[in-house]
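To be precise, the following lines are final16.cif, and they hold mmCIF, C-alpha atoms and all ligand atoms.
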```
data_final
#
loop_
_atom_site.group_PDB
_atom_site.id
_atom_site.type_symbol
_atom_site.label_atom_id
_atom_site.label_comp_id
_atom_site.auth_asym_id
_atom_site.auth_seq_id
_atom_site.Cartn_x
_atom_site.Cartn_y
_atom_site.Cartn_z
ATOM 1 C CA MET L 1 0.000 0.000 0.000
ATOM 2 C CA THR L 2 1.309 3.460 -0.749
ATOM 3 C CA ASP L 3 1.987 5.727 2.189
ATOM 4 C CA PRO L 4 -0.830 8.288 2.130
ATOM 5 C CA ILE L 5 1.389 10.978 3.641
ATOM 6 C CA ALA L 6 4.470 10.525 1.455
ATOM 7 C CA LEU L 7 2.501 10.580 -1.758
ATOM 8 C CA PRO L 8 4.902 10.279 -4.710
ATOM 9 C CA GLU L 9 5.221 13.621 -6.412
ATOM 10 C CA ARG L 10 3.294 13.575 -9.694
ATOM 11 C CA ASP L 11 4.761 15.365 -12.636
ATOM 12 C CA PRO L 12 2.367 18.197 -13.516
ATOM 13 C CA GLY L 13 2.878 17.189 -17.152
ATOM 14 C CA ASP L 14 1.114 13.889 -16.391
ATOM 15 C CA ILE L 15 -1.933 15.594 -14.871
ATOM 16 C CA PRO L 16 -4.743 16.229 -17.345
ATOM 17 C CA ASP L 17 -6.018 19.774 -17.847
ATOM 18 C CA PHE L 18 -8.802 20.879 -15.536
ATOM 19 C CA ASP L 19 -12.025 19.437 -16.984
ATOM 20 C CA GLN L 20 -14.521 22.297 -16.608
ATOM 21 C CA PRO L 21 -17.561 20.504 -18.163
ATOM 22 C CA ARG L 22 -16.962 17.450 -16.005
ATOM 23 C CA ALA L 23 -16.656 19.537 -12.839
ATOM 24 C CA GLU L 24 -19.849 21.434 -13.731
ATOM 25 C CA ALA L 25 -21.728 18.170 -14.248
ATOM 26 C CA ALA L 26 -20.476 16.910 -10.878
ATOM 27 C CA VAL L 27 -21.628 20.062 -9.059
ATOM 28 C CA ARG L 28 -25.012 19.816 -10.732
ATOM 29 C CA GLU L 29 -25.250 16.201 -9.523
ATOM 30 C CA LEU L 30 -24.336 17.275 -6.018
ATOM 31 C CA LEU L 31 -27.068 19.919 -6.038
ATOM 32 C CA LEU L 32 -29.549 17.267 -7.125
ATOM 33 C CA ALA L 33 -28.246 14.863 -4.484
ATOM 34 C CA ILE L 34 -28.874 17.353 -1.673
ATOM 35 C CA GLY L 35 -32.411 17.916 -2.943
ATOM 36 C CA GLU L 36 -31.849 21.292 -4.564
ATOM 37 C CA ASP L 37 -33.135 22.419 -7.941
ATOM 38 C CA PRO L 38 -30.206 23.339 -10.208
ATOM 39 C CA GLU L 39 -32.683 25.015 -12.581
ATOM 40 C CA ARG L 40 -33.822 27.636 -10.099
ATOM 41 C CA GLU L 41 -32.553 31.074 -10.909
ATOM 42 C CA GLY L 42 -30.038 31.484 -8.084
ATOM 43 C CA LEU L 43 -28.359 28.172 -8.915
ATOM 44 C CA LEU L 44 -28.218 28.414 -12.704
ATOM 45 C CA GLU L 45 -24.623 29.663 -12.788
ATOM 46 C CA THR L 46 -23.525 27.803 -9.665
ATOM 47 C CA PRO L 47 -22.042 24.686 -11.306
ATOM 48 C CA ALA L 48 -19.868 26.835 -13.576
ATOM 49 C CA ARG L 49 -18.813 29.079 -10.681
ATOM 50 C CA VAL L 50 -18.006 26.233 -8.339
ATOM 51 C CA ALA L 51 -16.050 24.477 -11.085
ATOM 52 C CA ARG L 52 -13.982 27.633 -11.683
ATOM 53 C CA ALA L 53 -13.377 27.964 -7.951
ATOM 54 C CA TYR L 54 -12.113 24.365 -7.819
ATOM 55 C CA ALA L 55 -9.833 25.027 -10.761
ATOM 56 C CA GLU L 56 -8.377 27.935 -8.814
ATOM 57 C CA VAL L 57 -7.865 26.162 -5.501
ATOM 58 C CA THR L 58 -6.291 23.125 -7.160
ATOM 59 C CA ALA L 59 -4.006 25.063 -9.498
ATOM 60 C CA GLY L 60 -0.966 23.859 -7.557
ATOM 61 C CA LEU L 61 -1.460 20.348 -8.979
ATOM 62 C CA ARG L 62 -0.238 21.737 -12.279
ATOM 63 C CA MET L 63 2.684 23.686 -10.865
ATOM 64 C CA ARG L 64 6.252 22.676 -10.130
ATOM 65 C CA ALA L 65 8.152 23.893 -7.097
ATOM 66 C CA GLU L 66 11.247 24.428 -9.253
ATOM 67 C CA ASP L 67 9.269 26.822 -11.433
ATOM 68 C CA VAL L 68 8.569 29.173 -8.526
ATOM 69 C CA LEU L 69 11.975 28.958 -6.843
ATOM 70 C CA THR L 70 13.571 30.303 -10.002
ATOM 71 C CA THR L 71 14.907 33.639 -8.840
ATOM 72 C CA THR L 72 18.053 32.875 -6.954
ATOM 73 C CA PHE L 73 20.793 35.279 -6.031
ATOM 74 C CA ASP L 74 24.314 34.542 -5.001
ATOM 75 C CA LEU L 75 24.507 37.028 -2.170
ATOM 76 C CA GLY L 76 27.104 35.070 -0.309
ATOM 77 C CA HIS L 77 24.626 35.147 2.580
ATOM 78 C CA ASP L 78 24.786 31.847 4.358
ATOM 79 C CA GLU L 79 22.867 32.616 7.534
ATOM 80 C CA MET L 80 19.299 31.686 8.320
ATOM 81 C CA VAL L 81 16.455 33.275 6.369
ATOM 82 C CA LEU L 82 12.988 32.829 7.835
ATOM 83 C CA VAL L 83 9.610 34.148 6.710
ATOM 84 C CA ARG L 84 6.993 33.954 9.388
ATOM 85 C CA ASP L 85 3.181 34.061 9.181
ATOM 86 C CA ILE L 86 2.714 33.262 5.499
ATOM 87 C CA GLU L 87 -1.063 33.106 5.081
ATOM 88 C CA LEU L 88 -2.202 29.748 3.884
ATOM 89 C CA TRP L 89 -5.370 28.297 2.370
ATOM 90 C CA SER L 90 -5.537 24.654 1.437
ATOM 91 C CA MET L 91 -8.153 21.959 1.072
ATOM 92 C CA CYS L 92 -8.393 18.888 3.264
ATOM 93 C CA GLU L 93 -8.334 15.832 1.034
ATOM 94 C CA HIS L 94 -10.714 13.928 3.292
ATOM 95 C CA HIS L 95 -13.646 16.333 3.129
ATOM 96 C CA LEU L 96 -12.680 18.822 0.395
ATOM 97 C CA VAL L 97 -13.229 21.727 2.735
ATOM 98 C CA PRO L 98 -10.615 24.357 3.523
ATOM 99 C CA PHE L 99 -7.983 24.458 6.165
ATOM 100 C CA THR L 100 -6.390 27.805 6.785
ATOM 101 C CA GLY L 101 -3.636 29.256 8.881
ATOM 102 C CA VAL L 102 -0.036 30.309 8.601
ATOM 103 C CA ALA L 103 3.228 28.759 7.508
ATOM 104 C CA HIS L 104 6.634 29.700 8.869
ATOM 105 C CA VAL L 105 9.371 28.828 6.404
ATOM 106 C CA GLY L 106 13.086 29.060 7.081
ATOM 107 C CA TYR L 107 16.281 27.769 5.590
ATOM 108 C CA ILE L 108 20.022 28.026 5.810
ATOM 109 C CA PRO L 109 21.378 28.672 2.318
ATOM 110 C CA ALA L 110 23.952 26.511 0.601
ATOM 111 C CA GLU L 111 27.576 27.427 1.288
ATOM 112 C CA SER L 112 27.641 29.127 -2.102
ATOM 113 C CA GLY L 113 25.153 31.567 -0.595
ATOM 114 C CA LYS L 114 22.414 30.654 -3.081
ATOM 115 C CA ILE L 115 19.231 32.283 -1.820
ATOM 116 C CA THR L 116 15.809 32.871 -3.340
ATOM 117 C CA GLY L 117 13.487 35.882 -3.263
ATOM 118 C CA ILE L 118 11.420 35.903 -0.086
ATOM 119 C CA SER L 119 8.137 36.104 -2.020
ATOM 120 C CA LYS L 120 9.131 32.826 -3.671
ATOM 121 C CA LEU L 121 8.896 31.098 -0.303
ATOM 122 C CA ALA L 122 5.247 32.161 -0.096
ATOM 123 C CA ARG L 123 4.693 31.014 -3.679
ATOM 124 C CA LEU L 124 6.255 27.665 -2.800
ATOM 125 C CA VAL L 125 3.732 27.214 0.005
ATOM 126 C CA ASP L 126 0.903 27.890 -2.478
ATOM 127 C CA VAL L 127 2.207 25.348 -4.999
ATOM 128 C CA TYR L 128 1.668 22.626 -2.427
ATOM 129 C CA ALA L 129 -1.312 24.187 -0.631
ATOM 130 C CA GLN L 130 -3.424 24.501 -3.756
ATOM 131 C CA ARG L 131 -4.172 20.815 -4.021
ATOM 132 C CA PRO L 132 -6.185 18.310 -2.002
ATOM 133 C CA GLN L 133 -3.884 17.943 0.989
ATOM 134 C CA VAL L 134 -3.186 16.790 4.492
ATOM 135 C CA GLN L 135 -1.283 19.226 6.653
ATOM 136 C CA GLU L 136 1.556 16.803 7.378
ATOM 137 C CA ARG L 137 2.292 16.241 3.686
ATOM 138 C CA LEU L 138 2.087 19.942 2.902
ATOM 139 C CA THR L 139 4.666 20.596 5.614
ATOM 140 C CA THR L 140 7.155 18.000 4.400
ATOM 141 C CA GLN L 141 6.734 18.844 0.721
ATOM 142 C CA VAL L 142 7.663 22.476 1.370
ATOM 143 C CA VAL L 143 10.685 21.606 3.512
ATOM 144 C CA ASP L 144 11.940 18.985 1.047
ATOM 145 C CA ALA L 145 11.645 21.419 -1.871
ATOM 146 C CA LEU L 146 13.893 23.877 -0.007
ATOM 147 C CA MET L 147 16.475 21.177 0.577
ATOM 148 C CA THR L 148 16.549 19.796 -2.948
ATOM 149 C CA ILE L 149 15.930 22.843 -5.125
ATOM 150 C CA LEU L 150 17.849 25.475 -3.159
ATOM 151 C CA GLU L 151 20.352 22.888 -1.929
ATOM 152 C CA ALA L 152 19.808 24.428 1.490
ATOM 153 C CA ARG L 153 22.026 23.193 4.315
ATOM 154 C CA GLY L 154 19.038 23.117 6.611
ATOM 155 C CA ALA L 155 15.351 23.957 6.501
ATOM 156 C CA VAL L 156 12.360 24.215 8.781
ATOM 157 C CA VAL L 157 8.652 24.515 8.099
ATOM 158 C CA VAL L 158 6.026 24.960 10.795
ATOM 159 C CA ILE L 159 2.363 25.168 9.859
ATOM 160 C CA GLU L 160 -0.442 26.173 12.220
ATOM 161 C CA ALA L 161 -3.890 25.707 10.744
ATOM 162 C CA GLU L 162 -7.550 25.432 11.552
ATOM 163 C CA HIS L 163 -9.432 22.736 9.658
ATOM 164 C CA LEU L 164 -12.979 23.630 8.701
ATOM 165 C CA CYS L 165 -13.803 19.927 8.673
ATOM 166 C CA MET L 166 -13.303 20.112 12.439
ATOM 167 C CA THR L 167 -15.195 23.357 12.956
ATOM 168 C CA MET L 168 -18.128 23.574 10.530
ATOM 169 C CA ARG L 169 -19.023 19.886 10.774
ATOM 170 C CA GLY L 170 -18.075 16.657 12.545
ATOM 171 C CA VAL L 171 -16.553 17.238 15.949
ATOM 172 C CA ARG L 172 -17.242 21.030 15.723
ATOM 173 C CA LYS L 173 -14.337 22.359 17.714
ATOM 174 C CA ALA L 174 -13.847 25.908 16.554
ATOM 175 C CA GLY L 175 -10.470 27.409 17.338
ATOM 176 C CA ALA L 176 -8.539 24.154 17.551
ATOM 177 C CA ARG L 177 -5.294 24.659 15.693
ATOM 178 C CA THR L 178 -3.145 21.851 14.354
ATOM 179 C CA VAL L 179 0.589 22.439 14.411
ATOM 180 C CA THR L 180 2.943 20.425 12.226
ATOM 181 C CA SER L 181 6.648 20.859 11.776
ATOM 182 C CA ALA L 182 9.358 19.395 9.591
ATOM 183 C CA VAL L 183 13.039 19.998 10.152
ATOM 184 C CA ARG L 184 15.893 18.983 7.873
ATOM 185 C CA GLY L 185 19.677 19.102 7.581
ATOM 186 C CA THR L 186 21.642 21.310 9.961
ATOM 187 C CA MET L 187 18.395 22.582 11.471
ATOM 188 C CA LEU L 188 17.977 19.059 12.729
ATOM 189 C CA THR L 189 21.557 18.284 13.705
ATOM 190 C CA ASP L 190 22.599 21.634 15.179
ATOM 191 C CA ARG L 191 20.750 22.367 18.399
ATOM 192 C CA ALA L 192 21.614 26.060 18.530
ATOM 193 C CA THR L 193 20.453 26.625 14.953
ATOM 194 C CA ARG L 194 17.232 24.826 15.608
ATOM 195 C CA ALA L 195 16.640 26.810 18.792
ATOM 196 C CA GLU L 196 17.273 30.041 16.888
ATOM 197 C CA ALA L 197 14.721 29.038 14.231
ATOM 198 C CA MET L 198 12.111 28.159 16.826
ATOM 199 C CA ALA L 199 12.697 31.441 18.691
ATOM 200 C CA LEU L 200 12.211 33.336 15.439
ATOM 201 C CA ILE L 201 9.062 31.385 14.633
ATOM 202 C CA HIS L 202 7.542 31.942 18.024
ATOM 203 C CA GLY L 203 8.400 35.604 17.885
ATOM 204 C CA THR L 204 10.337 35.512 21.130
ATOM 205 C CA THR L 205 13.131 37.522 19.509
ATOM 206 C CA ARG L 206 10.805 40.220 18.230
ATOM 207 C CA ARG L 207 11.641 42.837 20.853
HETATM 208 N N1 LIG R 301 -3.704 13.803 10.027
HETATM 209 C C1 LIG R 301 -4.575 14.607 9.426
HETATM 210 N N2 LIG R 301 -5.879 14.350 9.548
HETATM 211 C C2 LIG R 301 -6.734 15.180 8.932
HETATM 212 C C3 LIG R 301 -6.335 16.273 8.175
HETATM 213 N N3 LIG R 301 -7.448 16.885 7.702
HETATM 214 C C4 LIG R 301 -8.494 16.177 8.167
HETATM 215 N N4 LIG R 301 -8.078 15.129 8.910
HETATM 216 C C5 LIG R 301 -8.814 14.089 9.629
HETATM 217 O O1 LIG R 301 -9.125 13.022 8.778
HETATM 218 C C6 LIG R 301 -9.994 12.170 9.494
HETATM 219 C C7 LIG R 301 -10.927 11.438 8.580
HETATM 220 O O2 LIG R 301 -11.581 10.529 9.434
HETATM 221 P P1 LIG R 301 -12.896 9.690 9.094
HETATM 222 O O3 LIG R 301 -13.328 9.021 10.349
HETATM 223 O O4 LIG R 301 -12.624 8.856 7.892
HETATM 224 O O5 LIG R 301 -13.901 10.837 8.630
HETATM 225 P P2 LIG R 301 -15.165 11.429 9.395
HETATM 226 O O6 LIG R 301 -16.113 10.354 9.734
HETATM 227 O O7 LIG R 301 -15.697 12.563 8.557
HETATM 228 O O8 LIG R 301 -14.483 11.966 10.736
HETATM 229 P P3 LIG R 301 -14.851 13.193 11.672
HETATM 230 O O9 LIG R 301 -14.187 14.413 11.090
HETATM 231 O O10 LIG R 301 -14.262 12.841 13.004
HETATM 232 O O11 LIG R 301 -16.350 13.334 11.685
HETATM 233 C C8 LIG R 301 -10.679 13.077 10.506
HETATM 234 O O12 LIG R 301 -10.237 12.691 11.793
HETATM 235 C C9 LIG R 301 -10.141 14.465 10.175
HETATM 236 O O13 LIG R 301 -10.029 15.311 11.304
HETATM 237 C C10 LIG R 301 -4.939 16.517 8.063
HETATM 238 O O14 LIG R 301 -4.474 17.451 7.409
HETATM 239 N N5 LIG R 301 -4.113 15.666 8.704
HETATM 240 ZN ZN ZN R 302 -11.209 17.169 6.578
#
```
Can the structure from this file be put into structure tokens for me?
Ligand SMILES: Nc1nc2c(ncn2[C@@H]2O[C@H](COP(=O)(O)OP(=O)(O)OP(=O)(O)O)[C@@H](O)[C@H]2O)c(=O)[nH]1
Ligand SMILES: [Zn+2]
Amino acid sequence: MTDPIALPERDPGDIPDFDQPRAEAAVRELLLAIGEDPEREGLLETPARVARAYAEVTAGLRMRAEDVLTTTFDLGHDEMVLVRDIELWSMCEHHLVPFTGVAHVGYIPAESGKITGISKLARLVDVYAQRPQVQERLTTQVVDALMTILEARGAVVVIEAEHLCMTMRGVRKAGARTVTSAVRGTMLTDRATRAEAMALIHGTTRR
């Protein structure tokens, strides 16, 4: 059985284009299944709208991490870079409802000092967030991309998110936040570095 967390990365080239008519037909079916009338005025455009919304929130399936981490500079900077509180919207693959929160993404550049633009770290989060996901996989995919594509010496990703499948339905526990973290390379092996990253993430060095 394949490990549901460590899903093998699919090449976006192997993923068919978003099938708008098929998605519209499925939404229409869902409306019928819940006992609604897809022909009533307010719902006439709904299948097309919902389909477009799904295309948007799953756009990451057709994107490659290496295509967003393109801009790299050789600044000779080899100290930690960390972007905190990157807003995040993703979709839980179990219920297809959103989970939302923040990602904190940090890395220690390669010795060559190869770094990327800070906005690219936020784009990287979106590449993996805009797909049906589980939070654990999202976390490890982002950290592994930093290690392989930027050849970072170390990397850390912490995600704090609220899952609507836990708040709007099911167990209905509003406010519960799930925290996941993934740590690689020197961030894992060097205690001081790791402590520095965690202090930055938790904002204890802010003042
Ligand atoms: N580990 C993990 N679990 C998740 C994530 N998103 C949703 N889940 C959980 O996936 C589980 C699916 O469990 P099931 O028992 O099959 O589904 P369910 O009957 O709808 O479960 P309830 O949500 O408890 O009502 C639930 O416990 C969800 O809370 C995630 O990102 N990571
Ligand atoms: Zn869910």
Contacts of L:Ala110 at 8 Å (all atoms listed in the file; same-chain gap of 4+ positions) as a PyMOL selection string: chain L and resi 78+114-115+150-153
Shortest contact to L:Ile118, candidates L:Leu32, L:Val143, L:Ala59, L:Val83, atoms counted all atoms listed in the file, goes to L:Val83
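The smallest atom-to-atom distance between L:Lys120 and any of L:Thr71, L:Gln133, L:Thr186, L:His163, using all atoms listed in the file, is found for L:Thr71.
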On this structure, which residues satisfy the PyMOL selection byres (((not hetatm)) within 7 of (chain R and resi 301)), written as a list in words?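 So the PyMOL selection byres (((not hetatm)) within 7 of (chain R and resi 301)), applied here, picks out Cys92, Glu93, His94, His95, Gln133, Val134, Gln135, Glu136, His163, Cys165, Met166, Gly170 and Val171 of chain L.
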Evaluating the PyMOL selection byres (((chain L and resi 127) around 12) and not hetatm) on the displayed file yields which residues, as a compact mmCIF listing (two decimals) with C-alpha atoms, keeping the file's coordinate frame?
```
# COMPACT_ATOMS: atom_id res chain seq x y z
CA PRO L 12 2.37 18.20 -13.52
CA GLU L 56 -8.38 27.94 -8.81
CA VAL L 57 -7.86 26.16 -5.50
CA THR L 58 -6.29 23.12 -7.16
CA ALA L 59 -4.01 25.06 -9.50
CA GLY L 60 -0.97 23.86 -7.56
CA LEU L 61 -1.46 20.35 -8.98
CA ARG L 62 -0.24 21.74 -12.28
CA MET L 63 2.68 23.69 -10.86
CA ARG L 64 6.25 22.68 -10.13
CA ALA L 65 8.15 23.89 -7.10
CA GLU L 66 11.25 24.43 -9.25
CA ASP L 67 9.27 26.82 -11.43
CA VAL L 68 8.57 29.17 -8.53
CA LEU L 69 11.98 28.96 -6.84
CA LEU L 88 -2.20 29.75 3.88
CA TRP L 89 -5.37 28.30 2.37
CA SER L 90 -5.54 24.65 1.44
CA LYS L 120 9.13 32.83 -3.67
CA LEU L 121 8.90 31.10 -0.30
CA ALA L 122 5.25 32.16 -0.10
CA ARG L 123 4.69 31.01 -3.68
CA LEU L 124 6.26 27.66 -2.80
CA VAL L 125 3.73 27.21 0.00
CA ASP L 126 0.90 27.89 -2.48
CA TYR L 128 1.67 22.63 -2.43
CA ALA L 129 -1.31 24.19 -0.63
CA GLN L 130 -3.42 24.50 -3.76
CA ARG L 131 -4.17 20.82 -4.02
CA PRO L 132 -6.18 18.31 -2.00
CA GLN L 133 -3.88 17.94 0.99
CA LEU L 138 2.09 19.94 2.90
CA THR L 139 4.67 20.60 5.61
CA GLN L 141 6.73 18.84 0.72
CA VAL L 142 7.66 22.48 1.37
CA ALA L 145 11.64 21.42 -1.87
```
Quick one: residues within 12 Å of L:Ala25, all atoms listed in the file counted, chain neighbours fewer than 6 positions away excluded, as a list of chain:residue names? L:Asp19, L:Leu31, L:Leu32, L:Pro38, L:Glu45, L:Thr46, L:Pro47, L:Ala48, L:Arg49, L:Val50, L:Ala51
Compare L:Tyr54, L:Phe99, L:Phe18, L:Phe73 by their minimum atom-to-atom distance to ligand ZN 302 (chain R), counting all atoms listed in the file, and give me the closest one.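 Among L:Tyr54, L:Phe99, L:Phe18, L:Phe73, it is L:Phe99 that comes nearest to ligand ZN 302 (chain R).
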Please identify all polymer residues within 8 Å of L:Met80, counting all atoms listed in the file, omitting same-chain residues fewer than 2 positions from it, and present them as an mmCIF file with C-alpha atoms, keeping the file's coordinate frame.
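Once written, around_13.cif looks like this:
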```cif
data_model
loop_
_atom_site.group_PDB
_atom_site.id
_atom_site.type_symbol
_atom_site.label_atom_id
_atom_site.label_comp_id
_atom_site.auth_asym_id
_atom_site.auth_seq_id
_atom_site.Cartn_x
_atom_site.Cartn_y
_atom_site.Cartn_z
ATOM 1 C CA ASP L 78 24.786 31.847 4.358
ATOM 2 C CA LEU L 82 12.988 32.829 7.835
ATOM 3 C CA GLY L 106 13.086 29.060 7.081
ATOM 4 C CA TYR L 107 16.281 27.769 5.590
ATOM 5 C CA ILE L 108 20.022 28.026 5.810
ATOM 6 C CA PRO L 109 21.378 28.672 2.318
ATOM 7 C CA ALA L 197 14.721 29.038 14.231
#
```
Atom-to-atom span, atom CA of L:Glu111 and atom CA of L:Glu87, Å: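 Rounded to one decimal, the two atoms are 29.4 Å apart.
Here atom CA of L:Glu196 and atom CA of L:Arg184 stand 14.3 Å from one another.
The coordinates place atom CA of L:Thr70 at 19.6 Å from atom CA of L:Arg10.
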Please fill the gaps in stretch 23-32 of chain L so it has all heavy atoms, and write that as an mmCIF file, keeping the file's coordinate frame.
```cif
data_model
loop_
_atom_site.group_PDB
_atom_site.id
_atom_site.type_symbol
_atom_site.label_atom_id
_atom_site.label_comp_id
_atom_site.auth_asym_id
_atom_site.auth_seq_id
_atom_site.Cartn_x
_atom_site.Cartn_y
_atom_site.Cartn_z
ATOM 1 N N ALA L 23 -16.468 18.972 -14.179
ATOM 2 C CA ALA L 23 -16.656 19.537 -12.839
ATOM 3 C C ALA L 23 -18.053 20.151 -12.719
ATOM 4 O O ALA L 23 -18.734 19.991 -11.702
ATOM 5 C CB ALA L 23 -15.572 20.580 -12.556
ATOM 6 N N GLU L 24 -18.496 20.835 -13.770
ATOM 7 C CA GLU L 24 -19.849 21.434 -13.731
ATOM 8 C C GLU L 24 -20.914 20.354 -13.579
ATOM 9 O O GLU L 24 -21.859 20.494 -12.799
ATOM 10 C CB GLU L 24 -20.115 22.223 -15.020
ATOM 11 C CG GLU L 24 -19.368 23.531 -15.067
ATOM 12 C CD GLU L 24 -19.684 24.362 -16.311
ATOM 13 O OE1 GLU L 24 -20.796 24.224 -16.867
ATOM 14 O OE2 GLU L 24 -18.813 25.141 -16.713
ATOM 15 N N ALA L 25 -20.748 19.264 -14.322
ATOM 16 C CA ALA L 25 -21.728 18.170 -14.248
ATOM 17 C C ALA L 25 -21.750 17.579 -12.838
ATOM 18 O O ALA L 25 -22.812 17.245 -12.301
ATOM 19 C CB ALA L 25 -21.383 17.098 -15.287
ATOM 20 N N ALA L 26 -20.560 17.482 -12.230
ATOM 21 C CA ALA L 26 -20.476 16.910 -10.878
ATOM 22 C C ALA L 26 -21.168 17.821 -9.861
ATOM 23 O O ALA L 26 -21.864 17.346 -8.957
ATOM 24 C CB ALA L 26 -19.003 16.705 -10.500
ATOM 25 N N VAL L 27 -20.995 19.131 -10.003
ATOM 26 C CA VAL L 27 -21.628 20.062 -9.059
ATOM 27 C C VAL L 27 -23.149 20.015 -9.225
ATOM 28 O O VAL L 27 -23.906 20.041 -8.254
ATOM 29 C CB VAL L 27 -21.084 21.503 -9.253
ATOM 30 C CG1 VAL L 27 -21.820 22.481 -8.335
ATOM 31 C CG2 VAL L 27 -19.582 21.553 -8.985
ATOM 32 N N ARG L 28 -23.574 19.926 -10.466
ATOM 33 C CA ARG L 28 -25.012 19.816 -10.732
ATOM 34 C C ARG L 28 -25.582 18.565 -10.054
ATOM 35 O O ARG L 28 -26.629 18.594 -9.405
ATOM 36 C CB ARG L 28 -25.203 19.732 -12.260
ATOM 37 C CG ARG L 28 -26.592 20.042 -12.732
ATOM 38 C CD ARG L 28 -26.711 19.774 -14.233
ATOM 39 N NE ARG L 28 -27.960 19.082 -14.480
ATOM 40 C CZ ARG L 28 -29.128 19.696 -14.552
ATOM 41 N NH1 ARG L 28 -29.191 20.993 -14.447
ATOM 42 N NH2 ARG L 28 -30.235 18.994 -14.719
ATOM 43 N N GLU L 29 -24.846 17.463 -10.174
ATOM 44 C CA GLU L 29 -25.250 16.201 -9.523
ATOM 45 C C GLU L 29 -25.333 16.368 -8.013
ATOM 46 O O GLU L 29 -26.246 15.851 -7.365
ATOM 47 C CB GLU L 29 -24.243 15.088 -9.839
ATOM 48 C CG GLU L 29 -24.442 14.417 -11.185
ATOM 49 C CD GLU L 29 -25.842 13.814 -11.329
ATOM 50 O OE1 GLU L 29 -26.261 13.022 -10.469
ATOM 51 O OE2 GLU L 29 -26.516 14.158 -12.324
ATOM 52 N N LEU L 30 -24.362 17.070 -7.461
ATOM 53 C CA LEU L 30 -24.336 17.275 -6.018
ATOM 54 C C LEU L 30 -25.547 18.091 -5.577
ATOM 55 O O LEU L 30 -26.185 17.776 -4.562
ATOM 56 C CB LEU L 30 -23.023 17.996 -5.648
ATOM 57 C CG LEU L 30 -22.603 18.022 -4.190
ATOM 58 C CD1 LEU L 30 -22.535 16.619 -3.597
ATOM 59 C CD2 LEU L 30 -21.235 18.704 -4.066
ATOM 60 N N LEU L 31 -25.878 19.117 -6.359
ATOM 61 C CA LEU L 31 -27.068 19.919 -6.038
ATOM 62 C C LEU L 31 -28.311 19.043 -6.053
ATOM 63 O O LEU L 31 -29.176 19.131 -5.168
ATOM 64 C CB LEU L 31 -27.208 21.074 -7.034
ATOM 65 C CG LEU L 31 -26.202 22.217 -6.855
ATOM 66 C CD1 LEU L 31 -26.256 23.173 -8.045
ATOM 67 C CD2 LEU L 31 -26.463 22.969 -5.552
ATOM 68 N N LEU L 32 -28.400 18.180 -7.060
ATOM 69 C CA LEU L 32 -29.549 17.267 -7.125
ATOM 70 C C LEU L 32 -29.548 16.319 -5.932
ATOM 71 O O LEU L 32 -30.596 16.072 -5.321
ATOM 72 C CB LEU L 32 -29.508 16.463 -8.435
ATOM 73 C CG LEU L 32 -29.876 17.255 -9.700
ATOM 74 C CD1 LEU L 32 -29.506 16.472 -10.965
ATOM 75 C CD2 LEU L 32 -31.371 17.611 -9.712
#
```
